[in-house]
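Peer 1: Sharing a structure, written as structure tokens. Questions coming.
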Amino acid sequence: MDYKQYIRENFPQGAFLPEERIDAFLSYAKDSTVQELERLAEAIQRQPWLAQWYHPRDDIQFQIDHMLRITGSQAITLTHEQGMWEKSRQMLLLEAPGTGSDDTVRGTLYEGWILAQADQMLRSAELAITALPNIMEKMGEPINGLSAAPDNLYWAKDHFVILDAKCPRTPHVSPPDAYVAQLHFYEAALRDLMKKNYPEWADAPIHKVLAQGNILNGRVTFLDIPTVPGMSNTLWNNAQVLFQHVIQNQALWPMPPQPVFDAQKMPEVESLTQQLLEIRDRKNDLDVQESALKERLQACLGNDPEQWPKLPKAIGGAMRPNWPRTADDKLLNALRENGISIPEKTVYDVDGMALALGERATPFIRDRIVDVSTAVKALEIAGVPRSEFQTPTITLLDKRPAKPKPALDAPLAECEPLAGCEPAPVQARARP
């Protein structure tokens, strides 16, 4: 493919972008594509079964489409002025295309498997659910510089289900802001399409769901995206305003003013920060000493709490066992050696059950609490800064070079038994 011609003929920016800027972008895009293909090949070599789910694409064209257009995966940039400025840089090819990572490789290779698993799970539920690939394809057609195609779209009796596949290293418990914005952008695109072509469906409820693949246990779970009031309309309107600005002015979105901190307060800020870091050092030293003392005490006491002595009242302490709450190989082997079948309990995918049950889940709701995250996003979309209704606490990150661990006061081998804590002889116990 002649990528320069592709840009000139398929994007309004092609009429005015300088030749040298396009050349520089394409050079970066080619290098990035080579790196991505190498990562994909290495991943497939490690897990050959993934080859059946991998559908090669023109990665350079993919990067062009996502830089010069506004897509769902970039919708988070439309929620604030700084993001609008950053996206306008992409649309004018003033940013180099992003390089791949293990996360992008995982998403590329596992997406087909995740979608197939999710489709099977949804269709096995007792729902009149129908896939709508034709509408999804129409959503993905670029219009006015916007493109918004979700991974899957369903009609479930009386509502739509927008589904997007994700493969995080660890499945998310709550959806990241970028995914919340992405699914709301898809919702806005679907609403727009319905109003223009299928007005009878324009007001149907829309459920937004992430299908998360857990590659460690081979399962797919569903994570519901709560509806943030006002977000869909704001994202859709901002996208069109940004596109018109870039095309008509051939210029960046105005850079928002940067807040300036009172320089007179800096000496106090630096002093307090340094004091906090010094306190952290002392805490770390105490943590090391605490761990060492616990190990020495454990070595003195042994593993049987029934043989642990009671401490004198003058000590002012008490010892309680803290047993592991997860099964390890030692526990499983003990069960097998003693002829005991491994007891199990059922862990339910609550989000998946709620999705499958639909309205039937309502009788099982015990309580309703404020969804603070969604409330915050709704207020921010309405133009209310978070600082006006919440006061943040400060988390101080330690970016200093790691210090060597201090030597223990005494080696563990020099453990002296506590009074009344001499090791008891091991006795065989009769089984109950």
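A note on labels: chains of the structure tokens are A, B, ... as shown, every chain counts residues from 1, and ligands are counted from 1 in their shown order.
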Would you give me, as JSON lines, each residue of segment 96-209 of chain A having an atom within 9 Å of an atom of segment 229-250 of chain A, along with its shortest atom pair and that distance in Å to one decimal, using only C-alpha atoms and sorting by chain and residue number?

Peer 2:
{"residue": "A:Asn144", "atom": "CA", "partner": "A:Gln240", "partner_atom": "CA", "distance": 7.3}
{"residue": "A:Gly145", "atom": "CA", "partner": "A:Phe243", "partner_atom": "CA", "distance": 6.3}
{"residue": "A:Leu146", "atom": "CA", "partner": "A:Ala239", "partner_atom": "CA", "distance": 7.3}
{"residue": "A:Ala181", "atom": "CA", "partner": "A:Met231", "partner_atom": "CA", "distance": 7.6}
{"residue": "A:Leu183", "atom": "CA", "partner": "A:Ser232", "partner_atom": "CA", "distance": 8.7}
{"residue": "A:His184", "atom": "CA", "partner": "A:Ser232", "partner_atom": "CA", "distance": 4.9}
{"residue": "A:Phe185", "atom": "CA", "partner": "A:Ser232", "partner_atom": "CA", "distance": 5.7}
{"residue": "A:Tyr186", "atom": "CA", "partner": "A:Ser232", "partner_atom": "CA", "distance": 8.2}
{"residue": "A:Glu187", "atom": "CA", "partner": "A:Ser232", "partner_atom": "CA", "distance": 6.5}
{"residue": "A:Ala188", "atom": "CA", "partner": "A:Ser232", "partner_atom": "CA", "distance": 5.1}
{"residue": "A:Ala189", "atom": "CA", "partner": "A:Trp236", "partner_atom": "CA", "distance": 7.5}

Peer 1: Skipping near chain neighbours, those fewer than 5 positions away, what residues fall within 8 Å of segment 20-29 of chain A using only C-alpha atoms, listed as a list in words?

Peer 2: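 Returned residues: Tyr3, Lys4, Ile60, Gln63, Leu93, Leu94, Glu95, Ala96 and Pro97 of chain A.
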
Peer 1: So which bits of segment 3-215 of chain A end up strand (DSSP E) when you DSSP the backbone, as a list in words?

Peer 2: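 The strand (DSSP E) subset of segment 3-215 of chain A is Ile70, Thr71, Ile129, Thr130, Ala131, Leu146, Ser147, Asn152, Leu153, Tyr154, Trp155, Ala156, Phe160, Val161, Ile162, Leu163, Asp164, Ala165, Lys166, Ile206, His207, Lys208, Val209, Leu210, Ala211, Gln212, Gly213 and Asn214 of chain A.
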
Peer 1: Produce a table with one row for each residue of segment 171-282 of chain A that has an atom at most 9 Å from any atom of segment 99-118 of chain A, each row naming the nearest atom pair and its distance in Å at one decimal; use only C-alpha atoms; arrange rows by chain and rising residue number; format as a Markdown table.

Peer 2:
| residue | atom | partner | partner_atom | distance |
| --- | --- | --- | --- | --- |
| A:Ala211 | CA | A:Ala118 | CA | 6.5 |
| A:Gln212 | CA | A:Ile114 | CA | 7.2 |
| A:Gly213 | CA | A:Ile114 | CA | 5.7 |
| A:Ile215 | CA | A:Tyr110 | CA | 8.4 |
| A:Arg219 | CA | A:Gln117 | CA | 8.3 |
| A:Val220 | CA | A:Ile114 | CA | 6.5 |
| A:Thr221 | CA | A:Ala118 | CA | 8.0 |
| A:Phe222 | CA | A:Ala118 | CA | 8.2 |

Peer 1: Dump C-alpha atoms for the selected residues as a PDB file, in the first residue's frame?

Peer 2:
ATOM      1  CA  ALA A 211     -15.124  -9.075  28.780  1.00  0.00           C
ATOM      2  CA  GLN A 212     -11.878  -9.682  30.647  1.00  0.00           C
ATOM      3  CA  GLY A 213      -9.687 -12.627  29.753  1.00  0.00           C
ATOM      4  CA  ILE A 215      -4.945 -16.035  30.836  1.00  0.00           C
ATOM      5  CA  ARG A 219     -11.587 -17.857  32.155  1.00  0.00           C
ATOM      6  CA  VAL A 220     -13.486 -14.853  30.857  1.00  0.00           C
ATOM      7  CA  THR A 221     -15.411 -12.668  33.284  1.00  0.00           C
ATOM      8  CA  PHE A 222     -17.699  -9.699  32.734  1.00  0.00           C
TER       9      PHE A 222
END

Peer 1: Enumerate the residues of segment 305-377 of chain A with a DSSP assignment of helix (DSSP H, G or I), computed from the backbone, and present them as a PyMOL selection string.

Peer 2: chain A and resi 305-307+329-337+350-364+372-377

Peer 1: Okay, now the selection with N, CA and C atoms, as a short mmCIF file (atom, residue, chain, number, x, y, z; two decimals), in the first residue's frame?

Peer 2:
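What landed in result_31.cif:
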data_model
loop_
_atom_site.label_atom_id
_atom_site.label_comp_id
_atom_site.auth_asym_id
_atom_site.auth_seq_id
_atom_site.Cartn_x
_atom_site.Cartn_y
_atom_site.Cartn_z
N PRO A 305 0.49 -24.10 68.07
CA PRO A 305 0.05 -23.09 69.03
C PRO A 305 -0.40 -23.68 70.37
N GLU A 306 -0.79 -24.96 70.38
CA GLU A 306 -1.24 -25.56 71.64
C GLU A 306 -0.08 -25.65 72.64
N GLN A 307 1.14 -25.63 72.14
CA GLN A 307 2.30 -25.72 73.03
C GLN A 307 2.90 -24.35 73.35
N ASP A 329 0.81 -26.26 48.35
CA ASP A 329 1.13 -27.66 48.05
C ASP A 329 1.23 -28.50 49.31
N LYS A 330 1.74 -27.93 50.39
CA LYS A 330 1.89 -28.68 51.64
C LYS A 330 0.54 -29.15 52.16
N LEU A 331 -0.47 -28.26 52.10
CA LEU A 331 -1.82 -28.61 52.55
C LEU A 331 -2.43 -29.67 51.65
N LEU A 332 -2.30 -29.47 50.34
CA LEU A 332 -2.90 -30.43 49.40
C LEU A 332 -2.25 -31.81 49.51
N ASN A 333 -0.93 -31.84 49.68
CA ASN A 333 -0.25 -33.13 49.84
C ASN A 333 -0.68 -33.82 51.12
N ALA A 334 -0.89 -33.05 52.20
CA ALA A 334 -1.34 -33.64 53.46
C ALA A 334 -2.71 -34.28 53.29
N LEU A 335 -3.60 -33.62 52.54
CA LEU A 335 -4.92 -34.20 52.30
C LEU A 335 -4.81 -35.52 51.53
N ARG A 336 -3.99 -35.51 50.48
CA ARG A 336 -3.83 -36.72 49.68
C ARG A 336 -3.23 -37.86 50.49
N GLU A 337 -2.18 -37.56 51.26
CA GLU A 337 -1.51 -38.60 52.03
C GLU A 337 -2.41 -39.23 53.07
N VAL A 350 -20.07 -12.88 40.13
CA VAL A 350 -21.28 -12.11 40.43
C VAL A 350 -21.67 -11.21 39.26
N ASP A 351 -20.67 -10.57 38.63
CA ASP A 351 -20.98 -9.67 37.51
C ASP A 351 -21.57 -10.46 36.34
N GLY A 352 -20.98 -11.64 36.07
CA GLY A 352 -21.51 -12.47 34.99
C GLY A 352 -22.92 -12.95 35.28
N MET A 353 -23.20 -13.32 36.54
CA MET A 353 -24.54 -13.76 36.92
C MET A 353 -25.56 -12.64 36.73
N ALA A 354 -25.17 -11.43 37.16
CA ALA A 354 -26.09 -10.30 37.03
C ALA A 354 -26.39 -10.00 35.56
N LEU A 355 -25.35 -10.12 34.72
CA LEU A 355 -25.54 -9.88 33.29
C LEU A 355 -26.47 -10.92 32.68
N ALA A 356 -26.28 -12.20 33.08
CA ALA A 356 -27.10 -13.27 32.53
C ALA A 356 -28.54 -13.20 33.04
N LEU A 357 -28.70 -12.83 34.30
CA LEU A 357 -30.04 -12.80 34.88
C LEU A 357 -30.85 -11.60 34.40
N GLY A 358 -30.16 -10.50 34.10
CA GLY A 358 -30.86 -9.32 33.64
C GLY A 358 -31.82 -8.81 34.71
N GLU A 359 -33.07 -8.57 34.33
CA GLU A 359 -34.05 -8.04 35.27
C GLU A 359 -34.34 -9.01 36.41
N ARG A 360 -34.10 -10.31 36.18
CA ARG A 360 -34.39 -11.29 37.22
C ARG A 360 -33.45 -11.17 38.41
N ALA A 361 -32.36 -10.41 38.26
CA ALA A 361 -31.43 -10.24 39.36
C ALA A 361 -31.97 -9.27 40.41
N THR A 362 -32.97 -8.46 40.05
CA THR A 362 -33.47 -7.42 40.94
C THR A 362 -33.90 -7.94 42.31
N PRO A 363 -34.62 -9.06 42.43
CA PRO A 363 -35.02 -9.52 43.77
C PRO A 363 -33.85 -9.87 44.68
N PHE A 364 -32.65 -10.09 44.12
CA PHE A 364 -31.51 -10.51 44.92
C PHE A 364 -30.69 -9.31 45.41
N VAL A 372 -19.25 6.09 44.20
CA VAL A 372 -18.49 7.34 44.30
C VAL A 372 -17.72 7.62 43.02
N SER A 373 -17.10 6.59 42.43
CA SER A 373 -16.31 6.80 41.22
C SER A 373 -17.15 7.38 40.09
N THR A 374 -18.35 6.81 39.89
CA THR A 374 -19.23 7.30 38.83
C THR A 374 -19.74 8.71 39.14
N ALA A 375 -20.02 8.98 40.41
CA ALA A 375 -20.48 10.31 40.81
C ALA A 375 -19.41 11.36 40.52
N VAL A 376 -18.15 11.00 40.82
CA VAL A 376 -17.04 11.94 40.57
C VAL A 376 -16.91 12.22 39.08
N LYS A 377 -16.97 11.16 38.26
CA LYS A 377 -16.85 11.35 36.80
C LYS A 377 -17.98 12.23 36.27
#

Peer 1: For Gln82 of chain A, please output as a PyMOL selection string all residues within 7 Å (counting only C-alpha atoms; exclusion window: fewer than 4 positions along the same chain).

Peer 2: chain A and resi 86+255-256

Peer 1: Please measure the separation of atom CA of Arg8 of chain A and atom CA of Leu92 of chain A, giving the value in Å to one decimal.

Peer 2: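 Separation between atom CA of Arg8 of chain A and atom CA of Leu92 of chain A: 12.7 Å.
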
Peer 1: Could you name the residues that touch Leu68 of chain A at 10 Å or less, counting only C-alpha atoms, but leaving out those on the same chain fewer than 3 positions away, as a list of chain:residue names?

Peer 2: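 Those residues are A:Ile7, A:Asn10, A:Phe11, A:Pro12, A:Gln13, A:Gly14, A:Gln63, A:Ile64, A:Asp65, A:Thr71, A:Lys87, A:Ser88, A:Arg89, A:Gln90, A:Met91, A:Leu92, A:Leu93, A:Gly145, A:Leu146, A:Phe243.
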
Peer 1: Go ahead and save the residues from that selection, with N, CA, C and O atoms, as a PDB file, in the first residue's frame.

Peer 2:
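The resulting result-v4.pdb:
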ATOM      1  N   ILE A   7      -3.099   8.465   3.120  1.00  0.00           N
ATOM      2  CA  ILE A   7      -3.370   9.624   3.977  1.00  0.00           C
ATOM      3  C   ILE A   7      -3.955  10.773   3.158  1.00  0.00           C
ATOM      4  O   ILE A   7      -4.937  11.410   3.566  1.00  0.00           O
ATOM      5  N   ASN A  10      -7.771   9.765   2.064  1.00  0.00           N
ATOM      6  CA  ASN A  10      -8.793   9.290   2.993  1.00  0.00           C
ATOM      7  C   ASN A  10      -8.991  10.168   4.223  1.00  0.00           C
ATOM      8  O   ASN A  10      -9.873   9.874   5.034  1.00  0.00           O
ATOM      9  N   PHE A  11      -8.198  11.233   4.341  1.00  0.00           N
ATOM     10  CA  PHE A  11      -8.319  12.083   5.521  1.00  0.00           C
ATOM     11  C   PHE A  11      -8.291  13.540   5.092  1.00  0.00           C
ATOM     12  O   PHE A  11      -7.501  13.918   4.224  1.00  0.00           O
ATOM     13  N   PRO A  12      -9.139  14.383   5.696  1.00  0.00           N
ATOM     14  CA  PRO A  12      -9.113  15.807   5.345  1.00  0.00           C
ATOM     15  C   PRO A  12      -7.741  16.439   5.583  1.00  0.00           C
ATOM     16  O   PRO A  12      -7.343  17.346   4.847  1.00  0.00           O
ATOM     17  N   GLN A  13      -7.017  15.953   6.578  1.00  0.00           N
ATOM     18  CA  GLN A  13      -5.690  16.499   6.862  1.00  0.00           C
ATOM     19  C   GLN A  13      -4.729  16.259   5.696  1.00  0.00           C
ATOM     20  O   GLN A  13      -3.727  16.969   5.553  1.00  0.00           O
ATOM     21  N   GLY A  14      -5.026  15.237   4.878  1.00  0.00           N
ATOM     22  CA  GLY A  14      -4.140  14.934   3.754  1.00  0.00           C
ATOM     23  C   GLY A  14      -3.979  16.083   2.790  1.00  0.00           C
ATOM     24  O   GLY A  14      -3.001  16.136   2.031  1.00  0.00           O
ATOM     25  N   GLN A  63      -2.240   2.240  12.582  1.00  0.00           N
ATOM     26  CA  GLN A  63      -1.709   3.392  13.316  1.00  0.00           C
ATOM     27  C   GLN A  63      -2.130   4.705  12.663  1.00  0.00           C
ATOM     28  O   GLN A  63      -2.430   5.689  13.361  1.00  0.00           O
ATOM     29  N   ILE A  64      -2.153   4.734  11.352  1.00  0.00           N
ATOM     30  CA  ILE A  64      -2.609   5.942  10.646  1.00  0.00           C
ATOM     31  C   ILE A  64      -4.059   6.257  11.033  1.00  0.00           C
ATOM     32  O   ILE A  64      -4.398   7.404  11.365  1.00  0.00           O
ATOM     33  N   ASP A  65      -4.917   5.231  10.965  1.00  0.00           N
ATOM     34  CA  ASP A  65      -6.334   5.435  11.275  1.00  0.00           C
ATOM     35  C   ASP A  65      -6.526   5.969  12.691  1.00  0.00           C
ATOM     36  O   ASP A  65      -7.382   6.835  12.934  1.00  0.00           O
ATOM     37  N   THR A  71     -11.019   7.950  17.816  1.00  0.00           N
ATOM     38  CA  THR A  71     -11.616   6.627  18.024  1.00  0.00           C
ATOM     39  C   THR A  71     -11.972   6.423  19.488  1.00  0.00           C
ATOM     40  O   THR A  71     -11.555   7.191  20.366  1.00  0.00           O
ATOM     41  N   LYS A  87      -4.640  15.157  21.687  1.00  0.00           N
ATOM     42  CA  LYS A  87      -5.227  14.461  20.540  1.00  0.00           C
ATOM     43  C   LYS A  87      -5.068  15.272  19.262  1.00  0.00           C
ATOM     44  O   LYS A  87      -4.850  14.713  18.175  1.00  0.00           O
ATOM     45  N   SER A  88      -5.138  16.592  19.373  1.00  0.00           N
ATOM     46  CA  SER A  88      -4.954  17.423  18.174  1.00  0.00           C
ATOM     47  C   SER A  88      -3.525  17.269  17.637  1.00  0.00           C
ATOM     48  O   SER A  88      -3.304  17.351  16.428  1.00  0.00           O
ATOM     49  N   ARG A  89      -2.554  17.047  18.491  1.00  0.00           N
ATOM     50  CA  ARG A  89      -1.186  16.798  18.038  1.00  0.00           C
ATOM     51  C   ARG A  89      -1.123  15.510  17.213  1.00  0.00           C
ATOM     52  O   ARG A  89      -0.416  15.437  16.213  1.00  0.00           O
ATOM     53  N   GLN A  90      -1.857  14.492  17.660  1.00  0.00           N
ATOM     54  CA  GLN A  90      -1.901  13.247  16.894  1.00  0.00           C
ATOM     55  C   GLN A  90      -2.546  13.472  15.528  1.00  0.00           C
ATOM     56  O   GLN A  90      -2.053  12.980  14.503  1.00  0.00           O
ATOM     57  N   MET A  91      -3.651  14.203  15.510  1.00  0.00           N
ATOM     58  CA  MET A  91      -4.388  14.407  14.266  1.00  0.00           C
ATOM     59  C   MET A  91      -3.573  15.200  13.244  1.00  0.00           C
ATOM     60  O   MET A  91      -3.827  15.112  12.045  1.00  0.00           O
ATOM     61  N   LEU A  92      -2.582  15.943  13.713  1.00  0.00           N
ATOM     62  CA  LEU A  92      -1.714  16.710  12.820  1.00  0.00           C
ATOM     63  C   LEU A  92      -0.363  16.023  12.638  1.00  0.00           C
ATOM     64  O   LEU A  92       0.577  16.625  12.098  1.00  0.00           O
ATOM     65  N   LEU A  93      -0.276  14.764  13.098  1.00  0.00           N
ATOM     66  CA  LEU A  93       0.939  13.951  12.973  1.00  0.00           C
ATOM     67  C   LEU A  93       2.161  14.630  13.588  1.00  0.00           C
ATOM     68  O   LEU A  93       3.278  14.536  13.087  1.00  0.00           O
ATOM     69  N   GLY A 145     -14.427  12.355  10.719  1.00  0.00           N
ATOM     70  CA  GLY A 145     -13.209  12.133  11.488  1.00  0.00           C
ATOM     71  C   GLY A 145     -13.384  11.289  12.725  1.00  0.00           C
ATOM     72  O   GLY A 145     -12.458  11.153  13.524  1.00  0.00           O
ATOM     73  N   LEU A 146     -14.598  10.705  12.901  1.00  0.00           N
ATOM     74  CA  LEU A 146     -14.856   9.875  14.080  1.00  0.00           C
ATOM     75  C   LEU A 146     -15.051   8.429  13.644  1.00  0.00           C
ATOM     76  O   LEU A 146     -15.652   8.151  12.613  1.00  0.00           O
ATOM     77  N   PHE A 243     -12.607  17.873  15.965  1.00  0.00           N
ATOM     78  CA  PHE A 243     -12.357  17.576  14.554  1.00  0.00           C
ATOM     79  C   PHE A 243     -12.522  18.830  13.700  1.00  0.00           C
ATOM     80  O   PHE A 243     -11.673  19.152  12.854  1.00  0.00           O
TER      81      PHE A 243
END

Peer 1: What does the distance from atom CA of Asp224 of chain A to atom CA of Ile206 of chain A come to in Å, to one decimal?

Peer 2: 11.4 Å
